[in-house]
Amino acid sequence: MNSDLLITNANLITWEDPNRILDGYALLLRDGLIQELAPSHELETRYLEVERLDARGQYVMPGNICAHTHFYGAFARGLAIPGAAPDAFPQILKKLWWPLDLALDEEAVRYSTLVCLVDAIRHGTTTLLDHHASPNAIPGSLDIIAEAVEQAGLRAVLCYEVTDRNGKAGAQAGIAENLRFIKKCQQEQGKGGGKARVAATFGLHASLTLSDETLQACREAAPQGTGFHIHVAEAEVDQYDSLAKAGERVVDRLHRLGILGPDSICVHAVHVDAKEINLLAETGTWVTHQPRSNMNNAVGIGEVESMLRAGVRVGLGNDGFSNAMWEEWKAAYLVHKVWQHDPRRMSALDVAQMAIYNNSALAGRFFPGSPLGVLQAGARADLIFVDYHPFTPLTFGNLPWHIVFGFHESMITTTIAAGEVLMKDRQLLKLDEAAIAARARQAATRVWARYRANVKE
Ligand SMILES: [Zn+2]
């Protein structure tokens, strides 16, 4: 399936560090990797027989990476929450997400995933770190998501969110699903010589729904070298709960229980103090920032610049919002300014640091062997074509501001992952969008009916 492909007439944005923009270049893709990049005329004369894809002067850059998402949340789109609107984050969980995740069956897991993957291909996001919950369909749920990811041709890191909110058996089933899937992925990665599209980590919901006992059981069960993917201090309530339950703040608690480390991801970290920021930096723990979600839930905005300055590796996720990562760039760029009443806050360089360099380093831990998120010989061939015509000079130095003020996902015409063309000239080549949407609407209708039975007004 991966025969050689020569992409010609491309203006490359390499996202090396430092970044380079190379006009009139070609890329030779082979075995899912970038084999060679050089001026277009050179490779065109050397590879006369190779199938070509003419980029027609478009920008060609690495596919975007989303450091935290929830495919299972797709069916929340357009859903009416009965009764009074939730007035704070705990009510949003109780009136929306928890009755909704209880309503998911296997068909809903598959189609909520597929609609997100269609969206990701259309919007140029080629690697996603997902955090899954379907308490009434736990065993095998990660296999269903993995199958959809393979079918779509994208790359994803999957986990199941362990929580105590559905009793002991629910927590045990969540632990078992993570362990089963981690082992399966380790075996596949061993066999595949670095070609696996799906990887695993260990999912945990959040400190506020997890006892010490369950967190200890997760730590003991997780294979050596496995990290955790957990929501941290998204709202103040997570801190209040941890202080009441354990007499310590959330990050201190997770540190005591062995959850932090260079393979672990703390999602949000909106309400962490200076000591917790230091702990995240010292342990090399990743943090992900999701500004659209933070605004939507009105939970506040984390001290992201302070975390970056303290040496915390902060990436950018979308928390289940559209897989259009430049929208997340724009939200990050704007919200810190209004939150701090200071137009100097959150430079586009910091946004690029999170969305490009930190996200690719984070994703790279799960797909070792070949770099990802960069155009260079030997890197994974995950690429997008962007039909952008700058009307002011565009350089590697001002590119992050062009992305914030000029780029739009509607300009993405072609998406390639592991050397395979998934969308060409805006036509999806592997997935039937209309058929998937039709099946998803049927599944969503059943999910909405069960949600209405679950939700308490
Ligand atoms: Zn989340």
# chains A, B, ... in the order shown; residues from 1 in each chain; ligands from 1

call {"tool": "select_by_dssp", "arguments": {"residues": "segment 61-207 of chain A", "states": "strand (DSSP E or B)", "output": "number ranges by chain"}}
result
A: 61-62, 64-69, 125-130, 132, 155-158, 160, 162, 198-200, 202-206

call {"tool": "select_by_dssp", "arguments": {"residues": "segment 341-423 of chain A", "states": "helix (DSSP H, G or I)", "output": "PyMOL selection string"}}
result
chain A and resi 348-366+399-405+409-411

call {"tool": "closest_atom_pairs", "arguments": {"of": "chain A", "to": "ligand 1", "cutoff": "9 Å", "atoms": "only C-alpha atoms and all ligand atoms", "output": "CSV"}}
result
residue,atom,partner,partner_atom_place_in_ligand_line,distance
A:His68,CA,ligand 1,1 (Zn),6.5
A:Thr69,CA,ligand 1,1 (Zn),6.0
A:His70,CA,ligand 1,1 (Zn),6.4
A:Asp130,CA,ligand 1,1 (Zn),8.7
A:His131,CA,ligand 1,1 (Zn),6.9
A:His205,CA,ligand 1,1 (Zn),8.5
A:Ile230,CA,ligand 1,1 (Zn),8.2
A:His231,CA,ligand 1,1 (Zn),6.3
A:Glu234,CA,ligand 1,1 (Zn),8.9
A:Val267,CA,ligand 1,1 (Zn),6.7
A:His268,CA,ligand 1,1 (Zn),8.0
A:Gln290,CA,ligand 1,1 (Zn),8.4
A:Ser293,CA,ligand 1,1 (Zn),8.4
A:Gly317,CA,ligand 1,1 (Zn),8.7
A:Asn318,CA,ligand 1,1 (Zn),8.1
A:Asp319,CA,ligand 1,1 (Zn),4.6
A:Gly320,CA,ligand 1,1 (Zn),7.1

call {"tool": "residues_around", "arguments": {"residues": "Arg345 of chain A", "least_positions_apart": "2", "cutoff": "9 Å", "atoms": "only C-alpha atoms", "output": "PyMOL selection string"}}
result
chain A and resi 305+333-334+336-338+340-343+347

call {"tool": "write_last_selection", "arguments": {"atoms": "C-alpha atoms", "output": "PDB file, in the first residue's frame"}}
result
ATOM      1  CA  GLU A 305       3.404  30.972  30.466  1.00  0.00           C
ATOM      2  CA  TYR A 333      -3.270  33.345  21.574  1.00  0.00           C
ATOM      3  CA  LEU A 334      -6.331  35.430  22.442  1.00  0.00           C
ATOM      4  CA  HIS A 336      -4.508  34.829  27.848  1.00  0.00           C
ATOM      5  CA  LYS A 337      -4.568  38.466  26.709  1.00  0.00           C
ATOM      6  CA  VAL A 338      -8.121  39.079  27.860  1.00  0.00           C
ATOM      7  CA  GLN A 340      -4.632  38.928  32.093  1.00  0.00           C
ATOM      8  CA  HIS A 341      -5.754  42.296  30.635  1.00  0.00           C
ATOM      9  CA  ASP A 342      -2.367  42.443  28.902  1.00  0.00           C
ATOM     10  CA  PRO A 343      -1.831  42.330  25.109  1.00  0.00           C
ATOM     11  CA  SER A 347       3.207  35.277  22.186  1.00  0.00           C
TER      12      SER A 347
END

call {"tool": "residues_around", "arguments": {"residues": "Ala244 of chain A", "least_positions_apart": "4", "cutoff": "12 Å", "atoms": "only C-alpha atoms", "output": "list in words"}}
result
Ser207, Leu208, Ser211, Val237, Asp238, Gln239, Tyr240, Glu248, Arg249, Val250 and Arg253 of chain A

call {"tool": "atom_distance", "arguments": {"atom1": "atom CA of Ala381 of chain A", "atom2": "atom CA of Gln224 of chain A"}}
result
29.8 Å

call {"tool": "residues_around", "arguments": {"residues": "Glu433 of chain A", "least_positions_apart": "4", "cutoff": "8 Å", "atoms": "only C-alpha atoms", "output": "number ranges by chain"}}
result
A: 115, 118, 428, 437

call {"tool": "residues_around", "arguments": {"residues": "Asn64 of chain A", "least_positions_apart": "6", "cutoff": "12 Å", "atoms": "only C-alpha atoms", "output": "PyMOL selection string"}}
result
chain A and resi 15+120-129+154-155+315-318+323-329+352+354-360+363+372-374+382-386+409+412+415-417

call {"tool": "atom_distance", "arguments": {"atom1": "atom CA of Pro82 of chain A", "atom2": "atom CA of Tyr451 of chain A"}}
result
10.2 Å

call {"tool": "atom_distance", "arguments": {"atom1": "atom CA of Gln189 of chain A", "atom2": "atom CA of Arg30 of chain A"}}
result
19.4 Å

call {"tool": "closest_residue", "arguments": {"among": "A:Asp4, A:Asp31, A:Glu16, A:Asp350", "to": "Leu48 of chain A", "atoms": "only C-alpha atoms"}}
result
A:Asp4

call {"tool": "closest_residue", "arguments": {"among": "A:Thr214, A:Lys195, A:Asp143, A:Asn454", "to": "Ala169 of chain A", "atoms": "only C-alpha atoms"}}
result
A:Thr214

call {"tool": "closest_atom_pairs", "arguments": {"of": "segment 292-395 of chain A", "to": "segment 157-167 of chain A", "cutoff": "12 Å", "atoms": "only C-alpha atoms", "output": "JSON lines"}}
result
{"residue": "A:Leu362", "atom": "CA", "partner": "A:Val157", "partner_atom": "CA", "distance": 10.6}
{"residue": "A:Ala363", "atom": "CA", "partner": "A:Val157", "partner_atom": "CA", "distance": 8.0}
{"residue": "A:Gly364", "atom": "CA", "partner": "A:Val157", "partner_atom": "CA", "distance": 10.6}
{"residue": "A:Arg365", "atom": "CA", "partner": "A:Val157", "partner_atom": "CA", "distance": 10.3}
{"residue": "A:Phe366", "atom": "CA", "partner": "A:Val157", "partner_atom": "CA", "distance": 7.2}
{"residue": "A:Phe367", "atom": "CA", "partner": "A:Val157", "partner_atom": "CA", "distance": 9.0}

call {"tool": "residues_around", "arguments": {"residues": "Ala217 of chain A", "least_positions_apart": "3", "cutoff": "12 Å", "atoms": "only C-alpha atoms", "output": "JSON, numbers by chain"}}
result
{"A": [162, 163, 168, 171, 172, 174, 175, 176, 179, 204, 210, 211, 212, 213, 214, 220, 221, 222, 223, 257, 258, 259]}

call {"tool": "closest_residue", "arguments": {"among": "A:Trp339, A:Tyr25, A:Phe407, A:Trp401", "to": "Ala55 of chain A", "atoms": "only C-alpha atoms"}}
result
A:Tyr25

call {"tool": "decode", "arguments": {"residues": "segment 37-175 of chain A", "atoms": "C-alpha atoms", "output": "PDB file, in the first residue's frame"}}
result
ATOM      1  CA  LEU A  37      13.854  16.298   0.424  1.00  0.00           C
ATOM      2  CA  ALA A  38      15.564  18.519  -2.156  1.00  0.00           C
ATOM      3  CA  PRO A  39      14.782  21.189  -4.745  1.00  0.00           C
ATOM      4  CA  SER A  40      11.930  19.925  -6.907  1.00  0.00           C
ATOM      5  CA  HIS A  41      13.831  19.843 -10.221  1.00  0.00           C
ATOM      6  CA  GLU A  42      16.569  17.653  -8.674  1.00  0.00           C
ATOM      7  CA  LEU A  43      14.245  14.954  -7.436  1.00  0.00           C
ATOM      8  CA  GLU A  44      12.038  15.165 -10.532  1.00  0.00           C
ATOM      9  CA  THR A  45      14.992  14.328 -12.787  1.00  0.00           C
ATOM     10  CA  ARG A  46      16.232  11.564 -10.459  1.00  0.00           C
ATOM     11  CA  TYR A  47      12.914   9.824  -9.852  1.00  0.00           C
ATOM     12  CA  LEU A  48      11.312   9.727 -13.288  1.00  0.00           C
ATOM     13  CA  GLU A  49       9.322   6.551 -12.646  1.00  0.00           C
ATOM     14  CA  VAL A  50       7.885   7.407  -9.246  1.00  0.00           C
ATOM     15  CA  GLU A  51       4.199   8.353  -8.893  1.00  0.00           C
ATOM     16  CA  ARG A  52       3.862  12.095  -8.412  1.00  0.00           C
ATOM     17  CA  LEU A  53       1.636  14.418  -6.479  1.00  0.00           C
ATOM     18  CA  ASP A  54       1.965  18.030  -7.616  1.00  0.00           C
ATOM     19  CA  ALA A  55       1.564  20.408  -4.675  1.00  0.00           C
ATOM     20  CA  ARG A  56       1.140  23.305  -7.146  1.00  0.00           C
ATOM     21  CA  GLY A  57       3.059  25.700  -4.943  1.00  0.00           C
ATOM     22  CA  GLN A  58       1.020  25.059  -1.807  1.00  0.00           C
ATOM     23  CA  TYR A  59       2.656  25.041   1.595  1.00  0.00           C
ATOM     24  CA  VAL A  60       3.451  21.504   2.707  1.00  0.00           C
ATOM     25  CA  MET A  61       3.991  21.016   6.413  1.00  0.00           C
ATOM     26  CA  PRO A  62       3.738  18.307   9.087  1.00  0.00           C
ATOM     27  CA  GLY A  63       0.202  17.268  10.055  1.00  0.00           C
ATOM     28  CA  ASN A  64      -1.079  18.839  13.260  1.00  0.00           C
ATOM     29  CA  ILE A  65      -1.010  16.927  16.544  1.00  0.00           C
ATOM     30  CA  CYS A  66      -3.716  17.052  19.218  1.00  0.00           C
ATOM     31  CA  ALA A  67      -2.352  16.275  22.683  1.00  0.00           C
ATOM     32  CA  HIS A  68      -5.689  15.604  24.396  1.00  0.00           C
ATOM     33  CA  THR A  69      -9.128  14.814  23.014  1.00  0.00           C
ATOM     34  CA  HIS A  70     -12.281  12.747  23.647  1.00  0.00           C
ATOM     35  CA  PHE A  71     -13.717  11.024  20.583  1.00  0.00           C
ATOM     36  CA  TYR A  72     -16.581   9.746  22.746  1.00  0.00           C
ATOM     37  CA  GLY A  73     -17.865  13.293  23.242  1.00  0.00           C
ATOM     38  CA  ALA A  74     -18.850  13.723  19.592  1.00  0.00           C
ATOM     39  CA  PHE A  75     -22.539  13.043  20.218  1.00  0.00           C
ATOM     40  CA  ALA A  76     -22.776  15.993  22.601  1.00  0.00           C
ATOM     41  CA  ARG A  77     -23.107  18.182  19.498  1.00  0.00           C
ATOM     42  CA  GLY A  78     -26.581  19.709  19.484  1.00  0.00           C
ATOM     43  CA  LEU A  79     -27.669  17.809  22.600  1.00  0.00           C
ATOM     44  CA  ALA A  80     -30.178  19.676  24.782  1.00  0.00           C
ATOM     45  CA  ILE A  81     -29.461  19.511  28.522  1.00  0.00           C
ATOM     46  CA  PRO A  82     -32.851  19.316  30.271  1.00  0.00           C
ATOM     47  CA  GLY A  83     -33.805  21.660  33.109  1.00  0.00           C
ATOM     48  CA  ALA A  84     -31.702  24.538  34.354  1.00  0.00           C
ATOM     49  CA  ALA A  85     -28.377  25.089  32.589  1.00  0.00           C
ATOM     50  CA  PRO A  86     -25.381  23.774  34.582  1.00  0.00           C
ATOM     51  CA  ASP A  87     -24.033  26.649  36.667  1.00  0.00           C
ATOM     52  CA  ALA A  88     -20.509  25.325  37.321  1.00  0.00           C
ATOM     53  CA  PHE A  89     -18.063  22.596  36.316  1.00  0.00           C
ATOM     54  CA  PRO A  90     -19.354  19.842  38.682  1.00  0.00           C
ATOM     55  CA  GLN A  91     -22.863  20.302  37.262  1.00  0.00           C
ATOM     56  CA  ILE A  92     -21.476  20.096  33.709  1.00  0.00           C
ATOM     57  CA  LEU A  93     -20.038  16.686  34.595  1.00  0.00           C
ATOM     58  CA  LYS A  94     -23.206  15.542  36.349  1.00  0.00           C
ATOM     59  CA  LYS A  95     -25.741  16.844  33.826  1.00  0.00           C
ATOM     60  CA  LEU A  96     -23.846  16.356  30.569  1.00  0.00           C
ATOM     61  CA  TRP A  97     -20.779  14.130  30.464  1.00  0.00           C
ATOM     62  CA  TRP A  98     -21.579  11.415  32.995  1.00  0.00           C
ATOM     63  CA  PRO A  99     -25.125  10.614  31.808  1.00  0.00           C
ATOM     64  CA  LEU A 100     -23.819  10.841  28.220  1.00  0.00           C
ATOM     65  CA  ASP A 101     -20.895   8.441  28.632  1.00  0.00           C
ATOM     66  CA  LEU A 102     -23.227   5.952  30.395  1.00  0.00           C
ATOM     67  CA  ALA A 103     -25.399   6.007  27.271  1.00  0.00           C
ATOM     68  CA  LEU A 104     -22.648   4.845  24.894  1.00  0.00           C
ATOM     69  CA  ASP A 105     -22.714   1.350  23.443  1.00  0.00           C
ATOM     70  CA  GLU A 106     -20.179  -0.249  21.101  1.00  0.00           C
ATOM     71  CA  GLU A 107     -21.824   1.112  17.951  1.00  0.00           C
ATOM     72  CA  ALA A 108     -21.751   4.605  19.475  1.00  0.00           C
ATOM     73  CA  VAL A 109     -18.077   4.222  20.419  1.00  0.00           C
ATOM     74  CA  ARG A 110     -17.226   3.260  16.834  1.00  0.00           C
ATOM     75  CA  TYR A 111     -19.195   6.038  15.149  1.00  0.00           C
ATOM     76  CA  SER A 112     -18.284   8.802  17.570  1.00  0.00           C
ATOM     77  CA  THR A 113     -14.665   7.886  16.814  1.00  0.00           C
ATOM     78  CA  LEU A 114     -15.132   7.765  13.049  1.00  0.00           C
ATOM     79  CA  VAL A 115     -16.838  11.171  12.851  1.00  0.00           C
ATOM     80  CA  CYS A 116     -13.922  12.678  14.800  1.00  0.00           C
ATOM     81  CA  LEU A 117     -11.429  11.029  12.453  1.00  0.00           C
ATOM     82  CA  VAL A 118     -13.219  12.396   9.375  1.00  0.00           C
ATOM     83  CA  ASP A 119     -13.024  15.813  11.020  1.00  0.00           C
ATOM     84  CA  ALA A 120      -9.318  15.288  11.801  1.00  0.00           C
ATOM     85  CA  ILE A 121      -8.439  14.344   8.211  1.00  0.00           C
ATOM     86  CA  ARG A 122     -10.407  17.297   6.813  1.00  0.00           C
ATOM     87  CA  HIS A 123      -8.703  19.667   9.258  1.00  0.00           C
ATOM     88  CA  GLY A 124      -5.190  18.281   8.921  1.00  0.00           C
ATOM     89  CA  THR A 125      -4.740  16.677  12.334  1.00  0.00           C
ATOM     90  CA  THR A 126      -2.835  13.435  11.831  1.00  0.00           C
ATOM     91  CA  THR A 127      -1.997  12.336  15.407  1.00  0.00           C
ATOM     92  CA  LEU A 128      -4.428  12.436  18.351  1.00  0.00           C
ATOM     93  CA  LEU A 129      -4.134  11.473  22.019  1.00  0.00           C
ATOM     94  CA  ASP A 130      -7.573  10.256  23.033  1.00  0.00           C
ATOM     95  CA  HIS A 131      -9.072   9.743  26.488  1.00  0.00           C
ATOM     96  CA  HIS A 132     -12.034   7.361  26.360  1.00  0.00           C
ATOM     97  CA  ALA A 133     -15.023   6.589  28.629  1.00  0.00           C
ATOM     98  CA  SER A 134     -17.975   4.266  27.968  1.00  0.00           C
ATOM     99  CA  PRO A 135     -18.841   2.750  31.384  1.00  0.00           C
ATOM    100  CA  ASN A 136     -21.499   0.410  29.967  1.00  0.00           C
ATOM    101  CA  ALA A 137     -19.207  -0.848  27.185  1.00  0.00           C
ATOM    102  CA  ILE A 138     -15.716  -1.055  28.665  1.00  0.00           C
ATOM    103  CA  PRO A 139     -14.124  -4.359  27.611  1.00  0.00           C
ATOM    104  CA  GLY A 140     -12.819  -4.141  24.062  1.00  0.00           C
ATOM    105  CA  SER A 141     -13.782  -0.475  23.658  1.00  0.00           C
ATOM    106  CA  LEU A 142     -10.177   0.511  22.913  1.00  0.00           C
ATOM    107  CA  ASP A 143     -10.041  -2.160  20.173  1.00  0.00           C
ATOM    108  CA  ILE A 144     -13.096  -0.588  18.526  1.00  0.00           C
ATOM    109  CA  ILE A 145     -11.420   2.829  18.574  1.00  0.00           C
ATOM    110  CA  ALA A 146      -8.145   1.344  17.315  1.00  0.00           C
ATOM    111  CA  GLU A 147      -9.933  -0.323  14.396  1.00  0.00           C
ATOM    112  CA  ALA A 148     -11.483   3.004  13.426  1.00  0.00           C
ATOM    113  CA  VAL A 149      -8.077   4.719  13.621  1.00  0.00           C
ATOM    114  CA  GLU A 150      -6.546   2.038  11.357  1.00  0.00           C
ATOM    115  CA  GLN A 151      -9.484   2.329   8.976  1.00  0.00           C
ATOM    116  CA  ALA A 152      -8.989   6.103   8.800  1.00  0.00           C
ATOM    117  CA  GLY A 153      -5.224   5.787   8.355  1.00  0.00           C
ATOM    118  CA  LEU A 154      -4.386   8.250  11.127  1.00  0.00           C
ATOM    119  CA  ARG A 155      -2.261   7.874  14.261  1.00  0.00           C
ATOM    120  CA  ALA A 156      -3.608   7.806  17.831  1.00  0.00           C
ATOM    121  CA  VAL A 157      -2.622   7.139  21.426  1.00  0.00           C
ATOM    122  CA  LEU A 158      -5.528   5.549  23.319  1.00  0.00           C
ATOM    123  CA  CYS A 159      -6.458   4.946  26.952  1.00  0.00           C
ATOM    124  CA  TYR A 160      -9.533   4.187  29.072  1.00  0.00           C
ATOM    125  CA  GLU A 161     -10.393   6.566  31.929  1.00  0.00           C
ATOM    126  CA  VAL A 162     -10.422   4.688  35.238  1.00  0.00           C
ATOM    127  CA  THR A 163     -12.817   6.186  37.783  1.00  0.00           C
ATOM    128  CA  ASP A 164     -14.540   5.191  41.044  1.00  0.00           C
ATOM    129  CA  ARG A 165     -17.763   6.928  40.092  1.00  0.00           C
ATOM    130  CA  ASN A 166     -19.282   3.684  38.722  1.00  0.00           C
ATOM    131  CA  GLY A 167     -18.343   1.509  41.696  1.00  0.00           C
ATOM    132  CA  LYS A 168     -15.538  -0.969  42.304  1.00  0.00           C
ATOM    133  CA  ALA A 169     -16.436  -3.209  39.385  1.00  0.00           C
ATOM    134  CA  GLY A 170     -16.398  -0.218  37.013  1.00  0.00           C
ATOM    135  CA  ALA A 171     -12.938   0.817  38.243  1.00  0.00           C
ATOM    136  CA  GLN A 172     -11.645  -2.756  37.901  1.00  0.00           C
ATOM    137  CA  ALA A 173     -13.022  -3.052  34.375  1.00  0.00           C
ATOM    138  CA  GLY A 174     -11.316   0.220  33.429  1.00  0.00           C
ATOM    139  CA  ILE A 175      -7.980  -0.969  34.812  1.00  0.00           C
TER     140      ILE A 175
END
